[in-house]
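See below for upload_3.cif, which holds mmCIF, C-alpha atoms.
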data_final
#
loop_
_atom_site.label_atom_id
_atom_site.label_comp_id
_atom_site.auth_asym_id
_atom_site.auth_seq_id
_atom_site.Cartn_x
_atom_site.Cartn_y
_atom_site.Cartn_z
CA MET A 279 -31.11 5.85 16.85
CA ARG A 280 -33.19 2.74 17.41
CA ASP A 281 -32.12 -0.35 19.34
CA LYS A 282 -32.57 -2.64 16.35
CA TYR A 283 -31.63 -2.50 12.65
CA ASP A 284 -31.42 -5.01 9.84
CA ILE A 285 -27.72 -4.18 9.38
CA VAL A 286 -25.06 -2.46 11.49
CA ILE A 287 -21.94 -1.33 9.64
CA VAL A 288 -18.77 -0.68 11.61
CA GLY A 289 -16.63 2.00 9.97
CA ALA A 290 -17.62 4.88 7.67
CA GLY A 291 -14.81 4.89 5.12
CA PRO A 292 -15.44 4.22 1.42
CA ALA A 293 -16.11 0.50 2.04
CA GLY A 294 -18.60 1.10 4.86
CA SER A 295 -20.44 3.96 3.17
CA THR A 296 -20.75 2.11 -0.13
CA THR A 297 -21.97 -1.09 1.51
CA ALA A 298 -24.43 0.95 3.56
CA ARG A 299 -25.76 2.83 0.57
CA PHE A 300 -26.42 -0.24 -1.58
CA ALA A 301 -27.92 -2.24 1.29
CA ALA A 302 -30.28 0.62 2.18
CA ALA A 303 -31.20 1.09 -1.49
CA ALA A 304 -32.28 -2.56 -1.48
CA GLY A 305 -34.65 -1.82 1.38
CA ALA A 306 -32.67 -2.74 4.51
CA SER A 307 -32.61 -0.52 7.62
CA VAL A 308 -28.96 0.37 8.22
CA LEU A 309 -26.96 2.00 11.03
CA MET A 310 -23.35 2.98 10.25
CA LEU A 311 -20.98 3.69 13.16
CA GLU A 312 -17.69 5.60 12.93
CA LYS A 313 -15.19 5.66 15.79
CA ASP A 314 -13.67 9.04 14.88
CA ARG A 315 -15.41 12.36 15.40
CA ASP A 316 -15.56 13.06 11.70
CA ILE A 317 -16.16 11.18 8.47
CA GLY A 318 -13.12 11.33 6.18
CA ILE A 319 -10.71 12.78 8.73
CA PRO A 320 -7.88 12.08 9.33
CA VAL A 321 -7.00 11.11 5.76
CA ARG A 322 -4.77 8.02 6.03
CA CYS A 323 -4.18 7.75 2.33
CA ALA A 324 -2.03 8.89 -0.59
CA GLU A 325 -5.35 9.64 -2.35
CA GLY A 326 -4.55 8.11 -5.75
CA ALA A 327 -7.27 6.20 -7.63
CA SER A 328 -7.96 5.41 -11.26
CA GLU A 329 -10.90 7.02 -12.98
CA ALA A 330 -12.05 3.60 -14.17
CA GLY A 331 -12.08 2.27 -10.59
CA LEU A 332 -14.37 5.08 -9.45
CA ARG A 333 -16.62 4.84 -12.49
CA ALA A 334 -17.16 1.15 -11.80
CA VAL A 335 -19.34 2.16 -8.85
CA LEU A 336 -20.09 5.89 -8.92
CA GLU A 337 -22.59 7.20 -11.48
CA ASN A 338 -21.27 10.75 -11.27
CA ILE A 339 -17.79 11.96 -10.44
CA ASP A 340 -17.89 15.29 -8.63
CA GLU A 341 -15.12 17.71 -9.65
CA ARG A 342 -14.72 18.74 -6.00
CA TRP A 343 -13.36 15.26 -5.22
CA ILE A 344 -10.50 15.65 -7.67
CA ASP A 345 -7.43 17.63 -6.65
CA ASN A 346 -5.45 16.63 -9.71
CA ARG A 347 -5.40 14.49 -12.83
CA ILE A 348 -2.33 12.44 -13.69
CA SER A 349 -1.36 10.96 -17.01
CA GLU A 350 2.33 10.14 -16.53
CA VAL A 351 4.48 8.42 -13.96
CA PHE A 352 8.24 8.49 -13.44
CA PHE A 353 9.90 5.45 -11.88
CA HIS A 354 13.17 6.29 -10.11
CA SER A 355 15.84 3.63 -9.77
CA PRO A 356 18.31 3.47 -6.85
CA GLY A 357 20.94 5.15 -9.09
CA GLU A 358 18.46 7.89 -10.13
CA LYS A 359 17.61 6.61 -13.57
CA MET A 360 14.16 7.95 -14.44
CA VAL A 361 11.81 5.75 -16.44
CA GLU A 362 8.87 7.67 -17.85
CA LEU A 363 5.60 5.89 -18.47
CA LYS A 364 2.37 7.27 -19.90
CA PHE A 365 -0.91 6.03 -18.43
CA LYS A 366 -3.48 4.48 -20.71
CA GLN A 367 -6.18 5.83 -18.43
CA VAL A 368 -6.54 8.89 -16.23
CA GLY A 369 -5.39 8.75 -12.62
CA TYR A 370 -6.98 10.96 -9.98
CA ILE A 371 -5.44 12.43 -6.87
CA LEU A 372 -8.52 12.78 -4.71
CA ASN A 373 -9.51 15.04 -1.89
CA ARG A 374 -10.57 12.29 0.46
CA LYS A 375 -12.00 14.60 3.08
CA LEU A 376 -14.69 15.68 0.62
CA PHE A 377 -14.89 12.29 -1.11
CA ASP A 378 -15.50 10.23 2.03
CA TYR A 379 -17.95 12.79 3.35
CA ASP A 380 -19.97 12.67 0.13
CA LEU A 381 -19.97 8.86 0.05
CA ALA A 382 -21.44 8.89 3.55
CA GLN A 383 -24.01 11.49 2.45
CA MET A 384 -25.06 9.27 -0.45
CA ALA A 385 -25.65 6.52 2.10
CA VAL A 386 -27.69 8.89 4.25
CA ARG A 387 -29.81 9.88 1.26
CA ALA A 388 -30.50 6.19 0.67
CA GLY A 389 -31.86 5.99 4.21
CA VAL A 390 -28.79 5.03 6.30
CA GLU A 391 -28.40 6.43 9.83
CA VAL A 392 -24.86 7.51 10.75
CA LEU A 393 -23.27 8.12 14.14
CA THR A 394 -19.70 9.33 14.74
CA LYS A 395 -17.59 8.99 17.91
CA ALA A 396 -19.11 5.54 18.23
CA TYR A 397 -16.50 2.97 19.26
CA VAL A 398 -17.65 -0.60 18.68
CA PHE A 399 -15.90 -2.95 21.09
CA ASP A 400 -17.83 -6.22 21.01
CA LEU A 401 -20.30 -8.40 19.14
CA LEU A 402 -23.63 -9.36 20.70
CA ARG A 403 -24.65 -12.99 20.50
CA GLU A 404 -27.94 -14.81 20.96
CA ASP A 405 -28.02 -18.60 21.00
CA ASP A 406 -24.40 -18.49 19.80
CA LYS A 407 -25.41 -16.43 16.77
CA ILE A 408 -24.14 -12.95 15.96
CA ALA A 409 -26.97 -10.64 17.00
CA GLY A 410 -25.56 -7.10 16.94
CA ILE A 411 -22.83 -4.94 18.40
CA ARG A 412 -21.91 -3.10 21.59
CA PHE A 413 -20.38 0.35 21.36
CA SER A 414 -19.44 3.30 23.50
CA HIS A 415 -20.44 6.85 22.65
CA MET A 416 -19.88 9.94 24.79
CA GLY A 417 -19.10 7.87 27.87
CA LYS A 418 -22.14 5.58 27.61
CA THR A 419 -22.44 1.99 26.42
CA PHE A 420 -25.10 1.00 23.89
CA ASP A 421 -26.29 -2.35 22.57
CA VAL A 422 -27.78 -2.39 19.08
CA LYS A 423 -29.27 -5.57 17.70
CA SER A 424 -29.03 -6.44 14.04
CA ARG A 425 -29.50 -9.43 11.77
CA LEU A 426 -26.24 -8.68 10.00
CA VAL A 427 -23.00 -7.00 11.12
CA VAL A 428 -20.61 -5.61 8.49
CA GLY A 429 -17.00 -5.03 9.54
CA ALA A 430 -15.68 -2.14 7.44
CA ASP A 431 -13.31 -1.22 10.23
CA GLY A 432 -10.12 -0.88 8.26
CA VAL A 433 -6.63 -2.30 8.61
CA GLU A 434 -7.08 -2.41 12.39
CA SER A 435 -10.26 -4.50 11.97
CA ARG A 436 -11.38 -6.41 14.99
CA VAL A 437 -14.98 -7.25 14.07
CA GLY A 438 -13.78 -10.26 12.09
CA ARG A 439 -11.53 -11.43 14.92
CA TRP A 440 -14.38 -11.36 17.41
CA ALA A 441 -16.33 -13.58 15.03
CA GLY A 442 -13.42 -16.02 14.81
CA ILE A 443 -11.89 -15.03 11.46
CA LYS A 444 -8.11 -14.76 11.35
CA THR A 445 -7.77 -11.17 10.18
CA ARG A 446 -4.31 -10.43 11.54
CA THR A 447 -1.90 -9.07 8.93
CA LYS A 448 1.50 -10.77 8.83
CA MET A 449 4.56 -8.55 9.38
CA GLY A 450 5.78 -9.36 5.86
CA ASP A 451 2.42 -8.40 4.34
CA ILE A 452 1.72 -5.10 6.04
CA GLU A 453 3.15 -1.98 4.45
CA THR A 454 3.77 0.51 7.22
CA CYS A 455 3.61 4.06 5.94
CA ALA A 456 4.39 7.67 6.78
CA GLN A 457 3.32 10.61 4.65
CA TYR A 458 3.53 14.38 4.59
CA THR A 459 1.27 16.64 2.59
CA VAL A 460 3.67 19.39 1.64
CA HIS A 461 3.80 22.67 -0.19
CA ASP A 462 7.02 23.40 -2.01
CA LEU A 463 7.60 25.49 -5.08
CA ASN A 464 9.96 22.83 -6.41
CA LEU A 465 6.97 20.50 -6.62
CA ALA A 466 5.33 22.43 -9.44
CA ASP A 467 5.67 19.52 -11.85
CA ASN A 468 2.50 17.61 -12.29
CA HIS A 469 3.78 14.08 -12.55
CA LEU A 470 3.57 11.13 -10.29
CA HIS A 471 6.96 9.90 -9.05
CA LEU A 472 7.74 6.51 -7.56
CA PHE A 473 11.11 5.68 -6.00
CA PHE A 474 12.38 2.12 -5.66
CA SER A 475 15.54 1.72 -3.59
CA SER A 476 16.57 -0.14 -0.45
CA LYS A 477 17.94 3.10 0.93
CA ILE A 478 14.76 5.08 0.36
CA ALA A 479 12.01 2.50 1.01
CA PRO A 480 13.10 -1.13 1.52
CA GLU A 481 10.44 -3.72 0.53
CA GLY A 482 8.13 -0.98 -0.63
CA TYR A 483 8.31 2.35 -2.43
CA LEU A 484 8.21 6.08 -1.94
CA TRP A 485 5.57 8.14 -3.75
CA ILE A 486 5.12 11.75 -4.75
CA PHE A 487 1.47 12.33 -5.64
CA PRO A 488 1.05 15.94 -6.83
CA LYS A 489 -2.12 17.67 -5.68
CA GLY A 490 -1.55 20.77 -7.84
CA ASP A 491 -0.27 24.28 -7.05
CA GLY A 492 3.00 22.98 -5.61
CA ARG A 493 1.26 20.72 -3.11
CA ALA A 494 1.89 16.97 -2.95
CA ASN A 495 1.45 13.89 -0.83
CA ILE A 496 4.97 12.57 -0.25
CA GLY A 497 5.05 9.30 1.58
CA LEU A 498 6.45 5.82 1.68
CA GLY A 499 5.55 2.33 2.72
CA ILE A 500 7.92 -0.41 3.80
CA SER A 501 7.19 -3.93 5.02
CA GLY A 502 6.71 -4.61 8.72
CA ASP A 503 9.83 -6.77 8.52
CA ALA A 504 11.89 -3.88 7.14
CA ALA A 505 10.41 -1.46 9.67
CA ALA A 506 11.80 -3.56 12.52
CA LYS A 507 15.22 -2.16 11.58
CA LYS A 508 14.25 1.45 10.95
CA ALA A 509 10.96 3.31 11.19
CA PRO A 510 9.13 4.61 8.09
CA VAL A 511 9.08 8.16 9.48
CA SER A 512 12.89 8.13 9.68
CA TYR A 513 13.18 7.12 6.02
CA LEU A 514 10.73 9.88 5.09
CA ASP A 515 12.51 12.55 7.12
CA GLU A 516 15.80 11.64 5.45
CA PHE A 517 14.25 11.90 1.99
CA MET A 518 12.69 15.27 2.80
CA ALA A 519 15.90 16.64 4.30
CA GLU A 520 17.79 15.69 1.17
CA ARG A 521 15.30 16.74 -1.53
CA TYR A 522 12.87 19.26 -0.03
CA PRO A 523 14.57 20.71 3.04
CA HIS A 524 12.42 23.85 3.00
CA ALA A 525 9.05 22.29 2.28
CA SER A 526 6.14 23.38 4.41
CA ILE A 527 4.46 20.39 5.97
CA LEU A 528 0.70 20.93 5.91
CA ASN A 529 -0.26 17.52 7.22
CA SER A 530 1.49 14.42 8.51
CA VAL A 531 -0.04 11.01 8.80
CA ALA A 532 0.92 7.41 9.48
CA GLY A 533 -0.83 4.18 8.63
CA GLY A 534 -0.66 0.51 7.77
CA VAL A 535 -1.86 -1.15 4.55
CA PRO A 536 -2.66 -4.88 4.38
CA CYS A 537 -0.85 -5.74 1.11
CA ASP A 538 -2.21 -9.23 1.08
CA ARG A 539 -4.58 -11.51 -0.74
CA THR A 540 -8.25 -11.20 0.22
CA LEU A 541 -8.96 -13.07 3.46
CA GLU A 542 -10.14 -16.63 2.88
CA THR A 543 -13.31 -15.98 4.85
CA ILE A 544 -15.18 -12.72 4.31
CA VAL A 545 -18.70 -13.92 5.16
CA LEU A 546 -20.01 -15.86 8.13
CA ASP A 547 -23.56 -16.39 9.37
CA GLY A 548 -24.72 -12.84 10.14
CA LEU A 549 -21.38 -11.21 9.31
CA MET A 550 -19.49 -9.66 6.39
CA LEU A 551 -16.08 -8.03 6.09
CA VAL A 552 -15.37 -5.40 3.47
CA GLY A 553 -12.48 -3.13 2.40
CA ASP A 554 -9.13 -3.13 4.22
CA ALA A 555 -10.83 -5.20 6.96
CA ALA A 556 -11.14 -8.00 4.37
CA HIS A 557 -7.62 -7.32 3.00
CA GLN A 558 -9.15 -6.15 -0.28
CA CYS A 559 -6.69 -3.43 -1.23
CA ASN A 560 -4.46 -3.96 -4.25
CA PRO A 561 -1.43 -5.74 -2.75
CA ILE A 562 1.14 -4.35 -5.16
CA THR A 563 0.17 -0.67 -5.16
CA GLY A 564 -1.52 -0.58 -1.76
CA GLY A 565 -4.41 1.26 -3.42
CA GLY A 566 -7.62 0.58 -1.55
CA ILE A 567 -10.19 3.16 -2.65
CA ALA A 568 -11.50 1.54 -5.83
CA PRO A 569 -11.43 -1.99 -4.36
CA ALA A 570 -13.39 -0.73 -1.34
CA LEU A 571 -16.03 0.80 -3.62
CA ILE A 572 -16.28 -2.33 -5.77
CA ALA A 573 -16.45 -4.69 -2.79
CA GLY A 574 -18.86 -2.34 -1.00
CA LYS A 575 -21.28 -2.29 -3.91
CA ILE A 576 -21.32 -6.10 -4.16
CA ALA A 577 -21.51 -6.57 -0.37
CA GLY A 578 -24.31 -4.02 -0.06
CA GLN A 579 -26.38 -5.60 -2.82
CA VAL A 580 -25.89 -9.11 -1.43
CA ALA A 581 -26.62 -7.94 2.14
CA GLY A 582 -29.78 -6.13 1.00
CA ARG A 583 -31.03 -9.20 -0.76
CA ALA A 584 -30.17 -11.47 2.19
CA ILE A 585 -32.25 -9.22 4.47
CA ALA A 586 -35.15 -9.10 2.00
CA GLU A 587 -35.13 -12.89 1.71
CA GLY A 588 -34.78 -13.34 5.46
CA ASP A 589 -31.65 -15.48 5.21
CA VAL A 590 -28.34 -14.01 6.42
CA SER A 591 -26.48 -17.33 6.55
CA ALA A 592 -22.97 -17.49 5.09
CA LYS A 593 -24.34 -19.90 2.50
CA SER A 594 -26.95 -17.45 1.24
CA MET A 595 -24.35 -14.63 1.00
CA GLN A 596 -21.72 -16.55 -1.01
CA ASP A 597 -22.53 -14.34 -3.96
CA TYR A 598 -20.44 -11.63 -2.30
CA PRO A 599 -17.09 -13.50 -2.24
CA ARG A 600 -17.89 -15.12 -5.60
CA ARG A 601 -18.56 -11.82 -7.38
CA TRP A 602 -15.67 -10.08 -5.58
CA HIS A 603 -13.16 -12.71 -6.66
CA LYS A 604 -14.39 -12.51 -10.22
CA ALA A 605 -14.15 -8.71 -10.24
CA GLU A 606 -10.88 -8.14 -8.34
CA GLY A 607 -9.93 -10.87 -5.86
CA ARG A 608 -8.42 -13.22 -8.44
CA ASN A 609 -6.26 -10.46 -9.88
CA HIS A 610 -5.12 -9.59 -6.36
CA GLN A 611 -3.66 -13.08 -6.02
CA ILE A 612 -1.50 -12.34 -9.05
CA PHE A 613 -0.59 -8.86 -7.75
CA TYR A 614 0.41 -10.51 -4.47
CA ARG A 615 2.81 -12.91 -6.20
CA LEU A 616 4.28 -10.03 -8.23
CA LYS A 617 4.66 -7.89 -5.12
CA ASN A 618 6.54 -10.59 -3.24
CA TYR A 619 9.01 -10.77 -6.10
CA ILE A 620 9.33 -7.06 -6.90
CA TYR A 621 9.74 -5.89 -3.30
CA LYS A 622 12.65 -8.28 -2.76
CA LEU A 623 14.68 -7.13 -5.78
CA THR A 624 18.14 -5.84 -4.95
CA ASP A 625 19.24 -2.32 -5.88
CA ASP A 626 21.47 -3.76 -8.60
CA GLU A 627 18.55 -5.68 -10.09
CA LEU A 628 16.35 -2.57 -9.97
CA GLU A 629 19.08 -0.62 -11.75
CA GLY A 630 19.24 -3.26 -14.48
CA ILE A 631 15.45 -3.15 -14.94
CA ALA A 632 15.50 0.64 -15.32
CA GLU A 633 18.30 0.34 -17.85
CA ALA A 634 16.40 -2.28 -19.87
CA ALA A 635 13.17 -0.25 -19.76
CA LEU A 636 14.96 2.89 -20.95
CA HIS A 637 15.94 1.03 -24.13
CA VAL A 638 12.26 0.84 -25.04
CA PRO A 639 10.99 4.13 -26.55
CA VAL A 640 8.48 5.99 -24.34
CA ALA A 641 5.71 5.58 -26.90
CA LYS A 642 6.04 1.81 -26.70
CA ARG A 643 6.62 1.58 -22.96
CA SER A 644 3.90 0.10 -20.73
CA LEU A 645 3.62 -1.57 -17.35
CA VAL A 646 4.05 -4.87 -19.18
CA THR A 647 7.38 -3.59 -20.58
CA LEU A 648 8.52 -2.80 -17.07
CA PHE A 649 7.40 -6.11 -15.65
CA ARG A 650 8.95 -8.02 -18.55
CA ALA A 651 12.26 -6.37 -17.69
CA ALA A 652 11.74 -7.00 -13.98
CA LEU A 653 10.79 -10.64 -14.38
CA VAL A 654 13.52 -11.83 -16.74
CA LYS A 655 14.72 -14.27 -14.10
CA LYS A 656 11.19 -15.31 -13.19
CA PRO A 657 9.45 -16.04 -16.51
CA SER A 658 6.57 -17.86 -14.81
CA LEU A 659 5.42 -14.51 -13.46
CA ILE A 660 5.57 -12.76 -16.85
CA LEU A 661 2.38 -14.49 -17.96
CA ASP A 662 0.76 -13.34 -14.72
CA ALA A 663 1.85 -9.77 -15.37
CA VAL A 664 0.53 -9.87 -18.93
CA LYS A 665 -2.78 -11.22 -17.61
CA VAL A 666 -3.33 -8.36 -15.16
CA PHE A 667 -1.81 -5.45 -17.05
CA THR A 668 -3.32 -5.91 -20.53
CA MET B 234 13.08 -8.32 22.54
CA LYS B 235 13.74 -8.90 26.24
CA HIS B 236 10.90 -8.75 28.72
CA ASN B 237 10.21 -9.79 32.29
CA PHE B 238 7.43 -9.86 34.85
CA TYR B 239 7.50 -6.08 35.12
CA SER B 240 7.52 -5.38 31.40
CA LYS B 241 4.94 -3.10 29.89
CA ILE B 242 4.34 -1.71 26.41
CA ALA B 243 4.33 2.06 26.61
CA TYR B 244 3.47 4.49 23.84
CA ASP B 245 4.40 8.09 23.30
CA ARG B 246 1.24 10.17 22.86
CA GLN B 247 3.23 12.84 21.02
CA LEU B 248 4.50 10.40 18.42
CA CYS B 249 1.48 8.10 18.09
CA ASP B 250 -0.80 8.87 15.14
CA PHE B 251 -3.46 6.37 16.32
CA CYS B 252 -3.31 4.72 12.89
CA GLY B 253 -3.94 1.13 13.98
CA ALA B 254 -0.99 -0.56 12.24
CA CYS B 255 -0.12 -2.07 15.64
CA VAL B 256 -3.66 -3.43 16.04
CA ALA B 257 -3.45 -5.04 12.59
CA VAL B 258 -0.36 -7.12 13.41
CA CYS B 259 -1.12 -7.99 17.04
CA PRO B 260 -1.46 -11.80 17.27
CA HIS B 261 -3.46 -11.64 20.50
CA ASP B 262 -5.96 -8.84 19.87
CA ALA B 263 -4.36 -7.09 22.83
CA ILE B 264 -4.64 -3.48 21.63
CA GLU B 265 -7.66 -1.22 22.07
CA LEU B 266 -7.71 1.85 19.82
CA ALA B 267 -10.52 4.38 20.04
CA GLU B 268 -10.10 7.70 18.24
CA ALA B 269 -7.01 9.00 20.14
CA ASP B 270 -6.81 6.52 22.96
CA LEU B 271 -4.54 3.48 22.77
CA SER B 272 -4.25 0.81 25.44
CA ILE B 273 -2.54 -2.57 25.69
CA THR B 274 -4.49 -5.28 27.49
CA GLU B 275 -3.27 -8.22 29.56
CA SER B 276 -3.38 -10.57 26.58
CA CYS B 277 -0.06 -9.05 25.47
CA THR B 278 2.82 -11.55 25.22
CA PHE B 279 5.51 -8.97 24.33
CA CYS B 280 6.07 -10.35 20.83
CA ALA B 281 6.98 -6.73 19.89
CA ASN B 282 5.20 -6.80 16.50
CA CYS B 283 3.53 -3.52 17.45
CA VAL B 284 6.84 -1.93 18.43
CA HIS B 285 8.40 -2.94 15.11
CA VAL B 286 5.51 -2.09 12.78
CA CYS B 287 4.83 1.38 14.17
CA PRO B 288 5.46 3.97 11.42
CA MET B 289 6.35 6.55 14.08
CA ARG B 290 8.32 4.33 16.50
CA ALA B 291 5.87 5.39 19.18
CA LEU B 292 5.80 2.13 21.14
CA GLU B 293 8.44 0.53 23.31
CA ILE B 294 8.79 -2.21 25.87
CA ILE B 295 9.66 -0.66 29.21
CA ASP B 296 10.43 -2.00 32.67
CA ALA B 297 7.61 -0.60 34.80
CA ARG B 298 9.36 -1.11 38.15
#
Step by step, read the file and then write its structure as structure tokens.
Amino acid sequence: MRDKYDIVIVGAGPAGSTTARFAAAAGASVLMLEKDRDIGIPVRCAEGASEAGLRAVLENIDERWIDNRISEVFFHSPGEKMVELKFKQVGYILNRKLFDYDLAQMAVRAGVEVLTKAYVFDLLREDDKIAGIRFSHMGKTFDVKSRLVVGADGVESRVGRWAGIKTRTKMGDIETCAQYTVHDLNLADNHLHLFFSSKIAPEGYLWIFPKGDGRANIGLGISGDAAAKKAPVSYLDEFMAERYPHASILNSVAGGVPCDRTLETIVLDGLMLVGDAAHQCNPITGGGIAPALIAGKIAGQVAGRAIAEGDVSAKSMQDYPRRWHKAEGRNHQIFYRLKNYIYKLTDDELEGIAEAALHVPVAKRSLVTLFRAALVKKPSLILDAVKVFT
Amino acid sequence: MKHNFYSKIAYDRQLCDFCGACVAVCPHDAIELAEADLSITESCTFCANCVHVCPMRALEIIDAR
């Protein structure tokens, strides 16, 4: 490790590794710091991502990353109506331990230096300008100077806060989640299941993401507001006790997801935010892998060019937010409006939607069908739904 | 949530998953979270967002007297 780099990246998840890789490929010297002892562990994720999302950034998709392929989803209503829907494209259930590790390795091959167990706790400033970071590692404190700092530090991001950006997630916008990775012979079916019900997951949903061979990620997310009344882990334990009382629990994990629009400010002079830290996950599904890759690629390219041109001002890096909004950010605003409506539907309304959707034959059913049924009372949002789902 | 001069936010190390949901909703940047080490700083105003958002119900406001 040197005491000076062009770019320091805080966090080695998909957003950090992708930003690092593209910035280094453009010629910048890059140090990436991870607070945990390992890249990719613990996995705070349901591990679902669309093939198209991955292909948007990754040239090759390694079979080792894919635990399972999904082509159908079943929506469960509060009264246990099951609405089957076939995907137009393939969905992956990933093995994020291997996936994240390989993304970091790709960055290393591009010339990035990586250090784990490195806890960044402050920004360095020179003449009031961001000039690097301070971190602790194995009981010692280190200062590393850089021309640009990238906060890829996840939902708990603080890099942006230190720079003066309001990155706090509102209680109504965070989905607070608990998940078990389980093995149960009753989970042999290979479909994705989503449960919508105020009793199972108020202001959110419960998911079963099959990983193959009777294994699955079973988890749920509910809004911070809903969690004030009852904790996510309690909802999950009740669901498991009722449906899979004998399941072996191979892994348990908790986490928060910023189901929000992208932060208004994601670049400052000498600073960028990317991934969950920039609130770039899809606000309606909570999926953050593909958005992190897409944002990371753009951020890395823009950062690399800013370094090459010797200008890391916010003005010179506006290409990042501009390209991000064009690629995903604008759609996320629509997803956010849809989420706010969908998550507040009553159980009776959900039941009615399931009933209406079941009248449409499976072959003709699509997400637009579902949203049309869901948005009968809110026609202004139907156009939005058509825009993002067709 | 009630608090007084002696109030403190405590967390249960057995329950806490060190996920950072509490850090995300803290209005005062009053939570430090390194790998498996959580601490609440003096900027805390006992708004209880962290207590409520915690997926594991690992935090609570206690009277430290």
Using 8 Å as the limit and counting all atoms listed in the file, can you tabulate each residue of chain A that touches chain B, with its shortest atom-to-atom distance in Å and the two atoms involved, as JSON lines?
{"residue": "A:Lys313", "atom": "CA", "partner": "B:Glu268", "partner_atom": "CA", "distance": 6.0}
{"residue": "A:Asp314", "atom": "CA", "partner": "B:Glu268", "partner_atom": "CA", "distance": 5.1}
{"residue": "A:Arg315", "atom": "CA", "partner": "B:Glu268", "partner_atom": "CA", "distance": 7.6}
{"residue": "A:Arg322", "atom": "CA", "partner": "B:Cys252", "partner_atom": "CA", "distance": 7.8}
{"residue": "A:Lys395", "atom": "CA", "partner": "B:Glu268", "partner_atom": "CA", "distance": 7.6}
{"residue": "A:Tyr397", "atom": "CA", "partner": "B:Ala267", "partner_atom": "CA", "distance": 6.2}
{"residue": "A:Val433", "atom": "CA", "partner": "B:Ala257", "partner_atom": "CA", "distance": 5.8}
{"residue": "A:Glu434", "atom": "CA", "partner": "B:Ala257", "partner_atom": "CA", "distance": 4.5}
{"residue": "A:Ser435", "atom": "CA", "partner": "B:Ala257", "partner_atom": "CA", "distance": 6.9}
{"residue": "A:Arg436", "atom": "CA", "partner": "B:Asp262", "partner_atom": "CA", "distance": 7.7}
{"residue": "A:Arg439", "atom": "CA", "partner": "B:Asp262", "partner_atom": "CA", "distance": 7.9}
{"residue": "A:Thr445", "atom": "CA", "partner": "B:Ala257", "partner_atom": "CA", "distance": 7.9}
{"residue": "A:Arg446", "atom": "CA", "partner": "B:Val258", "partner_atom": "CA", "distance": 5.5}
{"residue": "A:Thr447", "atom": "CA", "partner": "B:Val258", "partner_atom": "CA", "distance": 5.1}
{"residue": "A:Lys448", "atom": "CA", "partner": "B:Val258", "partner_atom": "CA", "distance": 6.1}
{"residue": "A:Met449", "atom": "CA", "partner": "B:Val258", "partner_atom": "CA", "distance": 6.5}
{"residue": "A:Ile452", "atom": "CA", "partner": "B:Val258", "partner_atom": "CA", "distance": 7.9}
{"residue": "A:Thr454", "atom": "CA", "partner": "B:Pro288", "partner_atom": "CA", "distance": 5.7}
{"residue": "A:Cys455", "atom": "CA", "partner": "B:Pro288", "partner_atom": "CA", "distance": 5.8}
{"residue": "A:Ala456", "atom": "CA", "partner": "B:Pro288", "partner_atom": "CA", "distance": 6.0}
{"residue": "A:Gly502", "atom": "CA", "partner": "B:Val286", "partner_atom": "CA", "distance": 4.9}
{"residue": "A:Asp503", "atom": "CA", "partner": "B:Val286", "partner_atom": "CA", "distance": 7.7}
{"residue": "A:Ala505", "atom": "CA", "partner": "B:Val286", "partner_atom": "CA", "distance": 5.8}
{"residue": "A:Ala506", "atom": "CA", "partner": "B:His285", "partner_atom": "CA", "distance": 4.3}
{"residue": "A:Lys507", "atom": "CA", "partner": "B:His285", "partner_atom": "CA", "distance": 7.7}
{"residue": "A:Ala509", "atom": "CA", "partner": "B:Pro288", "partner_atom": "CA", "distance": 5.5}
{"residue": "A:Pro510", "atom": "CA", "partner": "B:Pro288", "partner_atom": "CA", "distance": 5.0}
{"residue": "A:Val511", "atom": "CA", "partner": "B:Met289", "partner_atom": "CA", "distance": 5.6}
{"residue": "A:Val531", "atom": "CA", "partner": "B:Asp250", "partner_atom": "CA", "distance": 6.7}
{"residue": "A:Ala532", "atom": "CA", "partner": "B:Pro288", "partner_atom": "CA", "distance": 6.0}
{"residue": "A:Gly533", "atom": "CA", "partner": "B:Cys252", "partner_atom": "CA", "distance": 5.0}
{"residue": "A:Gly534", "atom": "CA", "partner": "B:Ala254", "partner_atom": "CA", "distance": 4.6}
{"residue": "A:Val535", "atom": "CA", "partner": "B:Ala254", "partner_atom": "CA", "distance": 7.8}
How would you write, as a PyMOL selection string, the residues chosen by the PyMOL selection byres ((chain A and resi 378) around 7) on this structure?
chain A and resi 291-292+317-318+374-377+379-382
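Take atom CA of B:His236 and atom CA of A:Tyr513: the distance between them is 27.8 Å.
Distance-wise, atom CA of A:Phe353 and atom CA of A:Asp491 end up 21.9 Å apart.
Interatomic distance, atom CA of A:Phe413 against atom CA of B:Ala243: 25.3 Å.
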Name every residue that the PyMOL selection byres ((chain B and resi 239) around 10) selects in this structure, writing the answer as a ChimeraX atom specification with chains first and numbers rising.
/B:236-238,240-241,295-298
For the file shown, report as a PyMOL selection string the outcome of the PyMOL selection byres ((chain B and resi 275) around 10) at residue level.
chain B and resi 241+261+263-264+272-274+276-278
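Nearest to A:Ile572 of all the residues A:Ser530, A:Thr394, A:Ser295, A:Ser475 is A:Ser295, counting all atoms listed in the file.
With all atoms listed in the file as the atoms that count, the minimum distance from A:Ala385 to the choices A:Phe420, A:Ala441, A:Ala293, A:Val664 is reached by A:Ala293.
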Excluding A:Gly578 and its own-chain neighbours fewer than 2 positions away, which residues fall within 7 Å of it when counting only C-alpha atoms? Please give them as a ChimeraX atom specification.
/A:297-298,300-301,574-576,580-582
Would you list the residues near (-9.9, -4.6, 3.0), meaning any protein, DNA or RNA residue with an atom at most 10 Å from that point in file coordinates, counting all atoms listed in the file, as a PyMOL selection string?
chain A and resi 293+429-433+435+445+535-541+544+551-560+566-567+569-570+573
